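Pasted below: final32.json, JSON, C-alpha atoms.
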[["chain", "number", "residue", "atom", "x", "y", "z"],
["N", 24, "MET", "CA", 0.00, 0.00, 0.00],
["N", 25, "ASP", "CA", 2.79, 2.42, 0.97],
["N", 26, "LYS", "CA", 0.41, 5.26, 1.84],
["N", 27, "ARG", "CA", 2.03, 7.54, 4.40],
["N", 28, "ILE", "CA", -0.14, 8.67, 7.31],
["N", 29, "LEU", "CA", 0.41, 11.19, 10.09],
["N", 30, "VAL", "CA", -1.65, 10.52, 13.23],
["N", 31, "VAL", "CA", -2.54, 13.49, 15.44],
["N", 32, "GLU", "CA", -4.13, 12.50, 18.75],
["N", 33, "ASP", "CA", -3.49, 13.74, 22.29],
["N", 34, "GLU", "CA", -4.67, 10.55, 24.05],
["N", 35, "SER", "CA", -1.78, 8.05, 24.17],
["N", 36, "ILE", "CA", -3.91, 4.89, 24.18],
["N", 37, "VAL", "CA", -6.06, 6.05, 21.25],
["N", 38, "LEU", "CA", -2.91, 7.10, 19.36],
["N", 39, "LEU", "CA", -1.35, 3.66, 19.91],
["N", 40, "ASP", "CA", -4.55, 1.79, 18.92],
["N", 41, "ILE", "CA", -4.95, 3.79, 15.70],
["N", 42, "THR", "CA", -1.26, 3.35, 14.82],
["N", 43, "ILE", "CA", -1.46, -0.43, 15.29],
["N", 44, "MET", "CA", -4.68, -0.69, 13.23],
["N", 45, "LEU", "CA", -3.14, 1.33, 10.40],
["N", 46, "LYS", "CA", 0.11, -0.63, 10.39],
["N", 47, "ASP", "CA", -1.78, -3.96, 10.49],
["N", 48, "ALA", "CA", -3.70, -2.79, 7.40],
["N", 49, "GLY", "CA", -0.44, -2.05, 5.56],
["N", 50, "PHE", "CA", -0.26, 1.72, 5.96],
["N", 51, "ASP", "CA", 2.98, 3.50, 6.82],
["N", 52, "VAL", "CA", 2.50, 5.66, 9.91],
["N", 53, "VAL", "CA", 5.23, 8.27, 9.36],
["N", 54, "GLY", "CA", 4.69, 10.36, 12.48],
["N", 55, "HIS", "CA", 2.65, 11.28, 15.54],
["N", 56, "ALA", "CA", 1.65, 14.61, 17.02],
["N", 57, "ARG", "CA", -0.27, 15.49, 20.18],
["N", 58, "ASN", "CA", -1.36, 19.02, 19.24],
["N", 59, "GLY", "CA", -2.26, 21.09, 16.19],
["N", 60, "GLU", "CA", 0.95, 23.11, 16.08],
["N", 61, "LYS", "CA", 3.12, 19.99, 15.98],
["N", 62, "ALA", "CA", 0.76, 18.49, 13.37],
["N", 63, "ILE", "CA", 1.36, 21.45, 11.05],
["N", 64, "GLU", "CA", 5.11, 21.20, 11.58],
["N", 65, "LEU", "CA", 5.14, 17.45, 10.83],
["N", 66, "ALA", "CA", 2.79, 17.79, 7.84],
["N", 67, "HIS", "CA", 5.24, 20.29, 6.38],
["N", 68, "SER", "CA", 8.35, 18.17, 6.98],
["N", 69, "LEU", "CA", 6.95, 14.67, 6.37],
["N", 70, "LYS", "CA", 4.49, 15.38, 3.51],
["N", 71, "PRO", "CA", 2.16, 12.48, 4.38],
["N", 72, "ASP", "CA", -0.56, 11.28, 2.01],
["N", 73, "LEU", "CA", -3.19, 11.70, 4.76],
["N", 74, "VAL", "CA", -3.46, 13.22, 8.23],
["N", 75, "LEU", "CA", -5.72, 11.59, 10.83],
["N", 76, "MET", "CA", -6.57, 14.47, 13.18],
["N", 77, "ASP", "CA", -8.38, 14.59, 16.51],
["N", 78, "ILE", "CA", -10.54, 17.74, 16.89],
["N", 79, "LYS", "CA", -10.09, 18.40, 20.62],
["N", 80, "MET", "CA", -6.41, 18.98, 21.41],
["N", 81, "PRO", "CA", -4.25, 21.34, 23.47],
["N", 82, "LYS", "CA", -2.65, 24.50, 21.99],
["N", 83, "MET", "CA", -4.37, 24.50, 18.59],
["N", 84, "ASN", "CA", -7.49, 22.44, 17.94],
["N", 85, "GLY", "CA", -7.73, 19.94, 15.11],
["N", 86, "LEU", "CA", -10.07, 22.02, 12.97],
["N", 87, "LYS", "CA", -7.71, 25.00, 12.86],
["N", 88, "ALA", "CA", -4.70, 22.76, 12.22],
["N", 89, "SER", "CA", -6.64, 20.87, 9.52],
["N", 90, "ASP", "CA", -7.50, 24.11, 7.80],
["N", 91, "VAL", "CA", -3.83, 25.13, 7.67],
["N", 92, "ILE", "CA", -2.65, 21.67, 6.56],
["N", 93, "SER", "CA", -5.23, 21.18, 3.82],
["N", 94, "ASN", "CA", -4.94, 24.71, 2.44],
["N", 95, "THR", "CA", -1.18, 25.25, 2.80],
["N", 96, "PHE", "CA", 0.16, 21.80, 1.97],
["N", 97, "GLN", "CA", -2.84, 20.33, 0.09],
["N", 98, "ILE", "CA", -2.76, 17.28, 2.34],
["N", 99, "PRO", "CA", -6.15, 15.66, 2.99],
["N", 100, "VAL", "CA", -7.35, 15.38, 6.58],
["N", 101, "LEU", "CA", -9.63, 12.75, 8.14],
["N", 102, "LEU", "CA", -11.04, 14.03, 11.44],
["N", 103, "LEU", "CA", -11.40, 11.88, 14.55],
["N", 104, "THR", "CA", -13.62, 13.09, 17.34],
["N", 105, "ALA", "CA", -15.69, 12.10, 20.32],
["N", 106, "PHE", "CA", -18.18, 14.78, 19.27],
["N", 107, "SER", "CA", -20.85, 14.40, 16.63],
["N", 108, "GLN", "CA", -22.54, 17.75, 17.21],
["N", 109, "ARG", "CA", -23.70, 19.62, 14.12],
["N", 110, "GLU", "CA", -21.39, 22.61, 14.80],
["N", 111, "TYR", "CA", -18.29, 20.41, 14.45],
["N", 112, "ILE", "CA", -19.57, 18.81, 11.27],
["N", 113, "ASP", "CA", -20.39, 22.21, 9.76],
["N", 114, "GLU", "CA", -16.98, 23.58, 10.73],
["N", 115, "ALA", "CA", -15.28, 20.46, 9.31],
["N", 116, "LYS", "CA", -16.99, 21.06, 5.95],
["N", 117, "ARG", "CA", -15.52, 24.56, 5.82],
["N", 118, "ALA", "CA", -12.03, 23.28, 6.69],
["N", 119, "ASN", "CA", -11.82, 21.09, 3.55],
["N", 120, "ILE", "CA", -11.92, 17.77, 5.39],
["N", 121, "VAL", "CA", -12.18, 14.49, 3.44],
["N", 122, "GLY", "CA", -13.81, 12.47, 6.21],
["N", 123, "TYR", "CA", -15.11, 12.46, 9.75],
["N", 124, "LEU", "CA", -15.04, 9.53, 12.22],
["N", 125, "VAL", "CA", -16.75, 9.55, 15.62],
["N", 126, "LYS", "CA", -14.94, 7.75, 18.46],
["N", 127, "PRO", "CA", -14.61, 5.05, 19.60],
["N", 128, "ILE", "CA", -12.56, 4.17, 16.51],
["N", 129, "THR", "CA", -12.57, 0.53, 15.44],
["N", 130, "GLU", "CA", -10.65, -1.19, 12.67],
["N", 131, "ALA", "CA", -14.00, -1.86, 10.94],
["N", 132, "ASN", "CA", -14.71, 1.88, 10.57],
["N", 133, "LEU", "CA", -11.14, 3.26, 10.46],
["N", 134, "ILE", "CA", -9.66, 1.32, 7.54],
["N", 135, "PRO", "CA", -12.55, 1.88, 5.06],
["N", 136, "ALA", "CA", -12.65, 5.58, 6.03],
["N", 137, "VAL", "CA", -8.89, 5.91, 5.43],
["N", 138, "GLU", "CA", -9.11, 4.09, 2.08],
["N", 139, "ILE", "CA", -12.02, 6.27, 0.93],
["N", 140, "ALA", "CA", -10.28, 9.46, 2.13],
["N", 141, "LEU", "CA", -7.14, 8.51, 0.19],
["N", 142, "LEU", "CA", -9.18, 7.71, -2.93],
["N", 143, "GLN", "CA", -11.10, 10.99, -2.66],
["N", 144, "ALA", "CA", -7.83, 12.88, -2.24],
["N", 145, "ALA", "CA", -6.34, 11.15, -5.30],
["N", 146, "ASN", "CA", -9.44, 11.96, -7.34],
["N", 147, "THR", "CA", -9.33, 15.59, -6.20],
["N", 148, "LYS", "CA", -5.65, 15.84, -7.13],
["N", 149, "LYS", "CA", -6.34, 14.41, -10.61],
["N", 150, "TYR", "CA", -9.20, 16.86, -11.04],
["N", 151, "GLN", "CA", -7.02, 19.81, -9.97],
["N", 152, "GLU", "CA", -4.19, 18.73, -12.27],
["N", 153, "ARG", "CA", -6.62, 18.33, -15.19],
["N", 154, "ASN", "CA", -8.10, 21.77, -14.45],
["N", 155, "ALA", "CA", -4.63, 23.34, -14.37],
["N", 156, "GLN", "CA", -3.80, 21.63, -17.66],
["N", 157, "LEU", "CA", -7.01, 22.92, -19.25],
["N", 158, "ASP", "CA", -6.34, 26.44, -17.93],
["N", 159, "GLU", "CA", -2.84, 26.35, -19.43],
["N", 160, "THR", "CA", -4.18, 25.07, -22.76],
["N", 161, "LEU", "CA", -6.78, 27.83, -22.85],
["N", 162, "THR", "CA", -4.21, 30.49, -21.94],
["N", 163, "ASN", "CA", -1.85, 29.22, -24.65],
["N", 164, "ARG", "CA", -4.67, 29.19, -27.19],
["N", 165, "LYS", "CA", -5.53, 32.81, -26.34],
["N", 166, "VAL", "CA", -1.87, 33.82, -26.73],
["N", 167, "ILE", "CA", -1.68, 32.12, -30.14],
["N", 168, "GLU", "CA", -4.94, 33.76, -31.23],
["N", 169, "LYS", "CA", -3.65, 37.18, -30.17],
["N", 170, "ALA", "CA", -0.35, 36.69, -32.00],
["N", 171, "LYS", "CA", -2.26, 35.49, -35.05],
["N", 172, "GLY", "CA", -4.33, 38.67, -34.92],
["N", 173, "ILE", "CA", -1.16, 40.80, -34.77],
["N", 174, "ILE", "CA", 0.30, 39.01, -37.80],
["N", 175, "MET", "CA", -3.00, 39.40, -39.71],
["N", 176, "LYS", "CA", -3.09, 43.11, -38.96],
["N", 177, "ARG", "CA", 0.61, 43.87, -39.63],
["N", 178, "LYS", "CA", 0.94, 41.72, -42.77],
["N", 179, "ASN", "CA", -2.64, 42.18, -43.99],
["N", 180, "VAL", "CA", -3.11, 38.42, -44.43],
["N", 181, "THR", "CA", -5.83, 35.87, -43.73],
["N", 182, "GLU", "CA", -6.13, 33.93, -40.50],
["N", 183, "GLU", "CA", -4.88, 30.75, -42.18],
["N", 184, "ILE", "CA", -1.77, 32.46, -43.57],
["N", 185, "ALA", "CA", -1.08, 34.09, -40.18],
["N", 186, "TYR", "CA", -1.40, 30.71, -38.46],
["N", 187, "ASN", "CA", 0.92, 29.03, -40.98],
["N", 188, "LYS", "CA", 3.46, 31.84, -40.54],
["N", 189, "LEU", "CA", 3.32, 31.36, -36.77],
["N", 190, "ARG", "CA", 3.75, 27.61, -37.17],
["N", 191, "ARG", "CA", 6.66, 28.04, -39.58],
["N", 192, "LEU", "CA", 8.39, 30.45, -37.16],
["N", 193, "SER", "CA", 7.89, 27.92, -34.39],
["N", 194, "MET", "CA", 9.52, 25.14, -36.43],
["N", 195, "ASP", "CA", 12.35, 27.32, -37.75],
["N", 196, "LYS", "CA", 13.28, 28.58, -34.29],
["N", 197, "GLN", "CA", 12.57, 25.18, -32.67],
["N", 198, "LEU", "CA", 10.34, 26.82, -30.08],
["N", 199, "SER", "CA", 6.78, 26.08, -29.05],
["N", 200, "MET", "CA", 4.07, 28.06, -30.79],
["N", 201, "GLU", "CA", 3.17, 29.62, -27.44],
["N", 202, "THR", "CA", 6.74, 30.91, -26.98],
["N", 203, "VAL", "CA", 6.83, 32.37, -30.49],
["N", 204, "ALA", "CA", 3.38, 33.89, -29.97],
["N", 205, "ARG", "CA", 4.47, 35.52, -26.70],
["N", 206, "ARG", "CA", 7.52, 37.01, -28.45],
["N", 207, "ILE", "CA", 5.33, 38.40, -31.24],
["N", 208, "ILE", "CA", 3.02, 39.96, -28.64],
["N", 209, "ALA", "CA", 5.98, 41.41, -26.70],
["N", 210, "ASN", "CA", 7.48, 42.90, -29.88],
["N", 211, "ASP", "CA", 4.11, 44.36, -30.81],
["N", 212, "GLN", "CA", 3.84, 45.98, -27.36],
["N", 213, "LYS", "CA", 7.30, 47.50, -27.76],
["N", 214, "GLN", "CA", 6.30, 48.99, -31.11],
["N", 215, "VAL", "CA", 3.03, 50.33, -29.67],
["N", 216, "ASN", "CA", 4.86, 51.93, -26.73],
["N", 217, "ARG", "CA", 7.39, 53.74, -28.93]]
Could you write out this file's structure as structure tokens?
Amino acid sequence: MDKRILVVEDESIVLLDITIMLKDAGFDVVGHARNGEKAIELAHSLKPDLVLMDIKMPKMNGLKASDVISNTFQIPVLLLTAFSQREYIDEAKRANIVGYLVKPITEANLIPAVEIALLQAANTKKYQERNAQLDETLTNRKVIEKAKGIIMKRKNVTEEIAYNKLRRLSMDKQLSMETVARRIIANDQKQVNR
């Protein structure tokens, strides 16, 4: 499995039980913390695949620490708590939590929750990467269209001829079309600003 997990729990016995259950299921428990501040520090240095976080802890509570960890390091957090009150659930939703387990924690509810949290996190990461890729493609397309427009205007040619000229420049200079397009736009700006 090789999934790396950080366990954050201030009760020693619960911490030990969870660690044993995770290790028995084939997970790699890479670290332990007993408060939110230490959890943030370890999340930063260890870069686990998942953080199991108790809500009620000394110094900084689990919700605040989870918010920092999920937003700063993009590490998913599965909350563990003795509380099932609505206010905690609502706050957990705002903190970008991938799961929520009410104590007492058993192997029967812990392992499936961890597996689902890891799967959800992997799916979210794929979605974010795909979105970033689409954004980059769209940005590049806009740059090429703008450069094409500049060529059309300056050379008084059709869109097809402008595109072919851009493509030819790209091949001749052995640069991507986006790079050539950005240079054309930059040169056009310089001429406009003269």
Quiz item: So, counting all atoms listed in the file, which residue among N:Asp195, N:Glu60, N:Asp113, N:Glu34 is closest to Ser89 (chain N)?
Solution: N:Glu60
Quiz item: Any idea what's packed within 12 Å of Val30 (chain N), counting only C-alpha atoms, ignoring anything in its chain fewer than 6 positions away? Could you give it as number ranges by chain?
Solution: N: 37-46, 50-59, 61-63, 65-66, 69, 71-77, 85, 100-103, 137
Now that the selection is made, can you save its residues with C-alpha atoms as an mmCIF file, keeping the file's coordinate frame?
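The resulting part.cif:
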data_model
loop_
_atom_site.group_PDB
_atom_site.id
_atom_site.type_symbol
_atom_site.label_atom_id
_atom_site.label_comp_id
_atom_site.auth_asym_id
_atom_site.auth_seq_id
_atom_site.Cartn_x
_atom_site.Cartn_y
_atom_site.Cartn_z
ATOM 1 C CA VAL N 37 -6.060 6.050 21.250
ATOM 2 C CA LEU N 38 -2.910 7.100 19.360
ATOM 3 C CA LEU N 39 -1.350 3.660 19.910
ATOM 4 C CA ASP N 40 -4.550 1.790 18.920
ATOM 5 C CA ILE N 41 -4.950 3.790 15.700
ATOM 6 C CA THR N 42 -1.260 3.350 14.820
ATOM 7 C CA ILE N 43 -1.460 -0.430 15.290
ATOM 8 C CA MET N 44 -4.680 -0.690 13.230
ATOM 9 C CA LEU N 45 -3.140 1.330 10.400
ATOM 10 C CA LYS N 46 0.110 -0.630 10.390
ATOM 11 C CA PHE N 50 -0.260 1.720 5.960
ATOM 12 C CA ASP N 51 2.980 3.500 6.820
ATOM 13 C CA VAL N 52 2.500 5.660 9.910
ATOM 14 C CA VAL N 53 5.230 8.270 9.360
ATOM 15 C CA GLY N 54 4.690 10.360 12.480
ATOM 16 C CA HIS N 55 2.650 11.280 15.540
ATOM 17 C CA ALA N 56 1.650 14.610 17.020
ATOM 18 C CA ARG N 57 -0.270 15.490 20.180
ATOM 19 C CA ASN N 58 -1.360 19.020 19.240
ATOM 20 C CA GLY N 59 -2.260 21.090 16.190
ATOM 21 C CA LYS N 61 3.120 19.990 15.980
ATOM 22 C CA ALA N 62 0.760 18.490 13.370
ATOM 23 C CA ILE N 63 1.360 21.450 11.050
ATOM 24 C CA LEU N 65 5.140 17.450 10.830
ATOM 25 C CA ALA N 66 2.790 17.790 7.840
ATOM 26 C CA LEU N 69 6.950 14.670 6.370
ATOM 27 C CA PRO N 71 2.160 12.480 4.380
ATOM 28 C CA ASP N 72 -0.560 11.280 2.010
ATOM 29 C CA LEU N 73 -3.190 11.700 4.760
ATOM 30 C CA VAL N 74 -3.460 13.220 8.230
ATOM 31 C CA LEU N 75 -5.720 11.590 10.830
ATOM 32 C CA MET N 76 -6.570 14.470 13.180
ATOM 33 C CA ASP N 77 -8.380 14.590 16.510
ATOM 34 C CA GLY N 85 -7.730 19.940 15.110
ATOM 35 C CA VAL N 100 -7.350 15.380 6.580
ATOM 36 C CA LEU N 101 -9.630 12.750 8.140
ATOM 37 C CA LEU N 102 -11.040 14.030 11.440
ATOM 38 C CA LEU N 103 -11.400 11.880 14.550
ATOM 39 C CA VAL N 137 -8.890 5.910 5.430
#
Quiz item: Of the residues N:Ile36, N:Ala144, N:Ile98, N:Lys213, which is the one nearest to Ile128 (chain N), using only C-alpha atoms?
Solution: N:Ile36
Practice problem: Figure out the distance between CA of Glu152 (chain N) and CA of Ile167 (chain N), please, to one decimal in Å. | Solution: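 Going from CA of Ile167 (chain N) over to CA of Glu152 (chain N) covers 22.5 Å.
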Quiz item: So which one's closest to Asp25 (chain N), N:Leu141, N:Asp158, N:Thr202, N:Lys82? Using only C-alpha atoms, please.
Solution: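 For Asp25 (chain N), the nearest of the given residues is N:Leu141.
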Self-check item: Top pick for closest residue to Gln143 (chain N), considering N:Pro99, N:His67, N:Ile28, N:Asn163 and counting all atoms listed in the file
Solution: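 Answer, going by the shortest atom-to-atom distance: N:Pro99.
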Quiz item: So which residues touch Leu189 (chain N) within 9 Å, counting all atoms listed in the file, skipping near sequence neighbours fewer than 2 positions away, as a ChimeraX atom specification?
Solution: /N:167,170-171,174,184-187,191-194,200,203-204
Selected residues, C-alpha atoms, written as a compact mmCIF listing (two decimals), keeping the file's coordinate frame, please.
# COMPACT_ATOMS: atom_id res chain seq x y z
CA ILE N 167 -1.68 32.12 -30.14
CA ALA N 170 -0.35 36.69 -32.00
CA LYS N 171 -2.26 35.49 -35.05
CA ILE N 174 0.30 39.01 -37.80
CA ILE N 184 -1.77 32.46 -43.57
CA ALA N 185 -1.08 34.09 -40.18
CA TYR N 186 -1.40 30.71 -38.46
CA ASN N 187 0.92 29.03 -40.98
CA ARG N 191 6.66 28.04 -39.58
CA LEU N 192 8.39 30.45 -37.16
CA SER N 193 7.89 27.92 -34.39
CA MET N 194 9.52 25.14 -36.43
CA MET N 200 4.07 28.06 -30.79
CA VAL N 203 6.83 32.37 -30.49
CA ALA N 204 3.38 33.89 -29.97
Exercise. Could you jot down the CA of Val125 (chain N) to CA of Ile92 (chain N) separation for me, Å, one decimal place?
Key: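 According to the coordinates, CA of Val125 (chain N) and CA of Ile92 (chain N) are separated by 20.7 Å.
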Any chance you could build region 185-205 of chain N out to N, CA, C and O atoms and write it as a PDB file, in the coordinates of the input?
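The resulting file, out15.pdb, is shown below:
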ATOM      1  N   ALA N 185      -1.697  33.647 -41.441  1.00  0.00           N
ATOM      2  CA  ALA N 185      -1.080  34.090 -40.180  1.00  0.00           C
ATOM      3  C   ALA N 185      -0.730  32.879 -39.308  1.00  0.00           C
ATOM      4  O   ALA N 185       0.364  32.817 -38.737  1.00  0.00           O
ATOM      5  N   TYR N 186      -1.637  31.919 -39.246  1.00  0.00           N
ATOM      6  CA  TYR N 186      -1.400  30.710 -38.460  1.00  0.00           C
ATOM      7  C   TYR N 186      -0.214  29.926 -39.025  1.00  0.00           C
ATOM      8  O   TYR N 186       0.667  29.479 -38.281  1.00  0.00           O
ATOM      9  N   ASN N 187      -0.178  29.757 -40.337  1.00  0.00           N
ATOM     10  CA  ASN N 187       0.920  29.030 -40.980  1.00  0.00           C
ATOM     11  C   ASN N 187       2.257  29.732 -40.758  1.00  0.00           C
ATOM     12  O   ASN N 187       3.279  29.088 -40.553  1.00  0.00           O
ATOM     13  N   LYS N 188       2.238  31.064 -40.786  1.00  0.00           N
ATOM     14  CA  LYS N 188       3.460  31.840 -40.540  1.00  0.00           C
ATOM     15  C   LYS N 188       3.944  31.608 -39.106  1.00  0.00           C
ATOM     16  O   LYS N 188       5.130  31.388 -38.864  1.00  0.00           O
ATOM     17  N   LEU N 189       3.014  31.623 -38.176  1.00  0.00           N
ATOM     18  CA  LEU N 189       3.320  31.360 -36.770  1.00  0.00           C
ATOM     19  C   LEU N 189       3.903  29.957 -36.603  1.00  0.00           C
ATOM     20  O   LEU N 189       4.906  29.762 -35.905  1.00  0.00           O
ATOM     21  N   ARG N 190       3.290  28.993 -37.238  1.00  0.00           N
ATOM     22  CA  ARG N 190       3.750  27.610 -37.170  1.00  0.00           C
ATOM     23  C   ARG N 190       5.144  27.459 -37.776  1.00  0.00           C
ATOM     24  O   ARG N 190       6.011  26.779 -37.225  1.00  0.00           O
ATOM     25  N   ARG N 191       5.370  28.102 -38.907  1.00  0.00           N
ATOM     26  CA  ARG N 191       6.660  28.040 -39.580  1.00  0.00           C
ATOM     27  C   ARG N 191       7.755  28.660 -38.700  1.00  0.00           C
ATOM     28  O   ARG N 191       8.844  28.111 -38.549  1.00  0.00           O
ATOM     29  N   LEU N 192       7.447  29.807 -38.088  1.00  0.00           N
ATOM     30  CA  LEU N 192       8.390  30.450 -37.160  1.00  0.00           C
ATOM     31  C   LEU N 192       8.737  29.514 -36.002  1.00  0.00           C
ATOM     32  O   LEU N 192       9.893  29.416 -35.588  1.00  0.00           O
ATOM     33  N   SER N 193       7.721  28.856 -35.500  1.00  0.00           N
ATOM     34  CA  SER N 193       7.890  27.920 -34.390  1.00  0.00           C
ATOM     35  C   SER N 193       8.845  26.800 -34.777  1.00  0.00           C
ATOM     36  O   SER N 193       9.766  26.456 -34.021  1.00  0.00           O
ATOM     37  N   MET N 194       8.650  26.232 -35.968  1.00  0.00           N
ATOM     38  CA  MET N 194       9.520  25.140 -36.430  1.00  0.00           C
ATOM     39  C   MET N 194      10.930  25.634 -36.728  1.00  0.00           C
ATOM     40  O   MET N 194      11.903  25.001 -36.341  1.00  0.00           O
ATOM     41  N   ASP N 195      11.033  26.778 -37.394  1.00  0.00           N
ATOM     42  CA  ASP N 195      12.350  27.320 -37.750  1.00  0.00           C
ATOM     43  C   ASP N 195      13.183  27.631 -36.509  1.00  0.00           C
ATOM     44  O   ASP N 195      14.385  27.391 -36.484  1.00  0.00           O
ATOM     45  N   LYS N 196      12.561  28.191 -35.496  1.00  0.00           N
ATOM     46  CA  LYS N 196      13.280  28.580 -34.290  1.00  0.00           C
ATOM     47  C   LYS N 196      13.342  27.442 -33.254  1.00  0.00           C
ATOM     48  O   LYS N 196      13.947  27.587 -32.203  1.00  0.00           O
ATOM     49  N   GLN N 197      12.661  26.330 -33.564  1.00  0.00           N
ATOM     50  CA  GLN N 197      12.570  25.180 -32.670  1.00  0.00           C
ATOM     51  C   GLN N 197      12.078  25.586 -31.280  1.00  0.00           C
ATOM     52  O   GLN N 197      12.631  25.216 -30.255  1.00  0.00           O
ATOM     53  N   LEU N 198      11.003  26.375 -31.303  1.00  0.00           N
ATOM     54  CA  LEU N 198      10.340  26.820 -30.080  1.00  0.00           C
ATOM     55  C   LEU N 198       8.867  26.455 -30.173  1.00  0.00           C
ATOM     56  O   LEU N 198       8.333  26.302 -31.270  1.00  0.00           O
ATOM     57  N   SER N 199       8.221  26.361 -29.028  1.00  0.00           N
ATOM     58  CA  SER N 199       6.780  26.080 -29.050  1.00  0.00           C
ATOM     59  C   SER N 199       6.043  27.264 -29.666  1.00  0.00           C
ATOM     60  O   SER N 199       6.535  28.400 -29.665  1.00  0.00           O
ATOM     61  N   MET N 200       4.871  26.984 -30.198  1.00  0.00           N
ATOM     62  CA  MET N 200       4.070  28.060 -30.790  1.00  0.00           C
ATOM     63  C   MET N 200       3.723  29.117 -29.746  1.00  0.00           C
ATOM     64  O   MET N 200       3.670  30.304 -30.058  1.00  0.00           O
ATOM     65  N   GLU N 201       3.506  28.681 -28.505  1.00  0.00           N
ATOM     66  CA  GLU N 201       3.170  29.620 -27.440  1.00  0.00           C
ATOM     67  C   GLU N 201       4.326  30.593 -27.191  1.00  0.00           C
ATOM     68  O   GLU N 201       4.108  31.787 -27.005  1.00  0.00           O
ATOM     69  N   THR N 202       5.560  30.067 -27.204  1.00  0.00           N
ATOM     70  CA  THR N 202       6.740  30.910 -26.980  1.00  0.00           C
ATOM     71  C   THR N 202       6.887  31.939 -28.097  1.00  0.00           C
ATOM     72  O   THR N 202       7.112  33.129 -27.845  1.00  0.00           O
ATOM     73  N   VAL N 203       6.737  31.469 -29.334  1.00  0.00           N
ATOM     74  CA  VAL N 203       6.830  32.370 -30.490  1.00  0.00           C
ATOM     75  C   VAL N 203       5.715  33.413 -30.415  1.00  0.00           C
ATOM     76  O   VAL N 203       5.953  34.608 -30.629  1.00  0.00           O
ATOM     77  N   ALA N 204       4.519  32.964 -30.074  1.00  0.00           N
ATOM     78  CA  ALA N 204       3.380  33.890 -29.970  1.00  0.00           C
ATOM     79  C   ALA N 204       3.629  34.950 -28.903  1.00  0.00           C
ATOM     80  O   ALA N 204       3.364  36.139 -29.125  1.00  0.00           O
ATOM     81  N   ARG N 205       4.169  34.548 -27.765  1.00  0.00           N
ATOM     82  CA  ARG N 205       4.470  35.520 -26.700  1.00  0.00           C
ATOM     83  C   ARG N 205       5.513  36.541 -27.155  1.00  0.00           C
ATOM     84  O   ARG N 205       5.425  37.709 -26.814  1.00  0.00           O
TER      85      ARG N 205
END
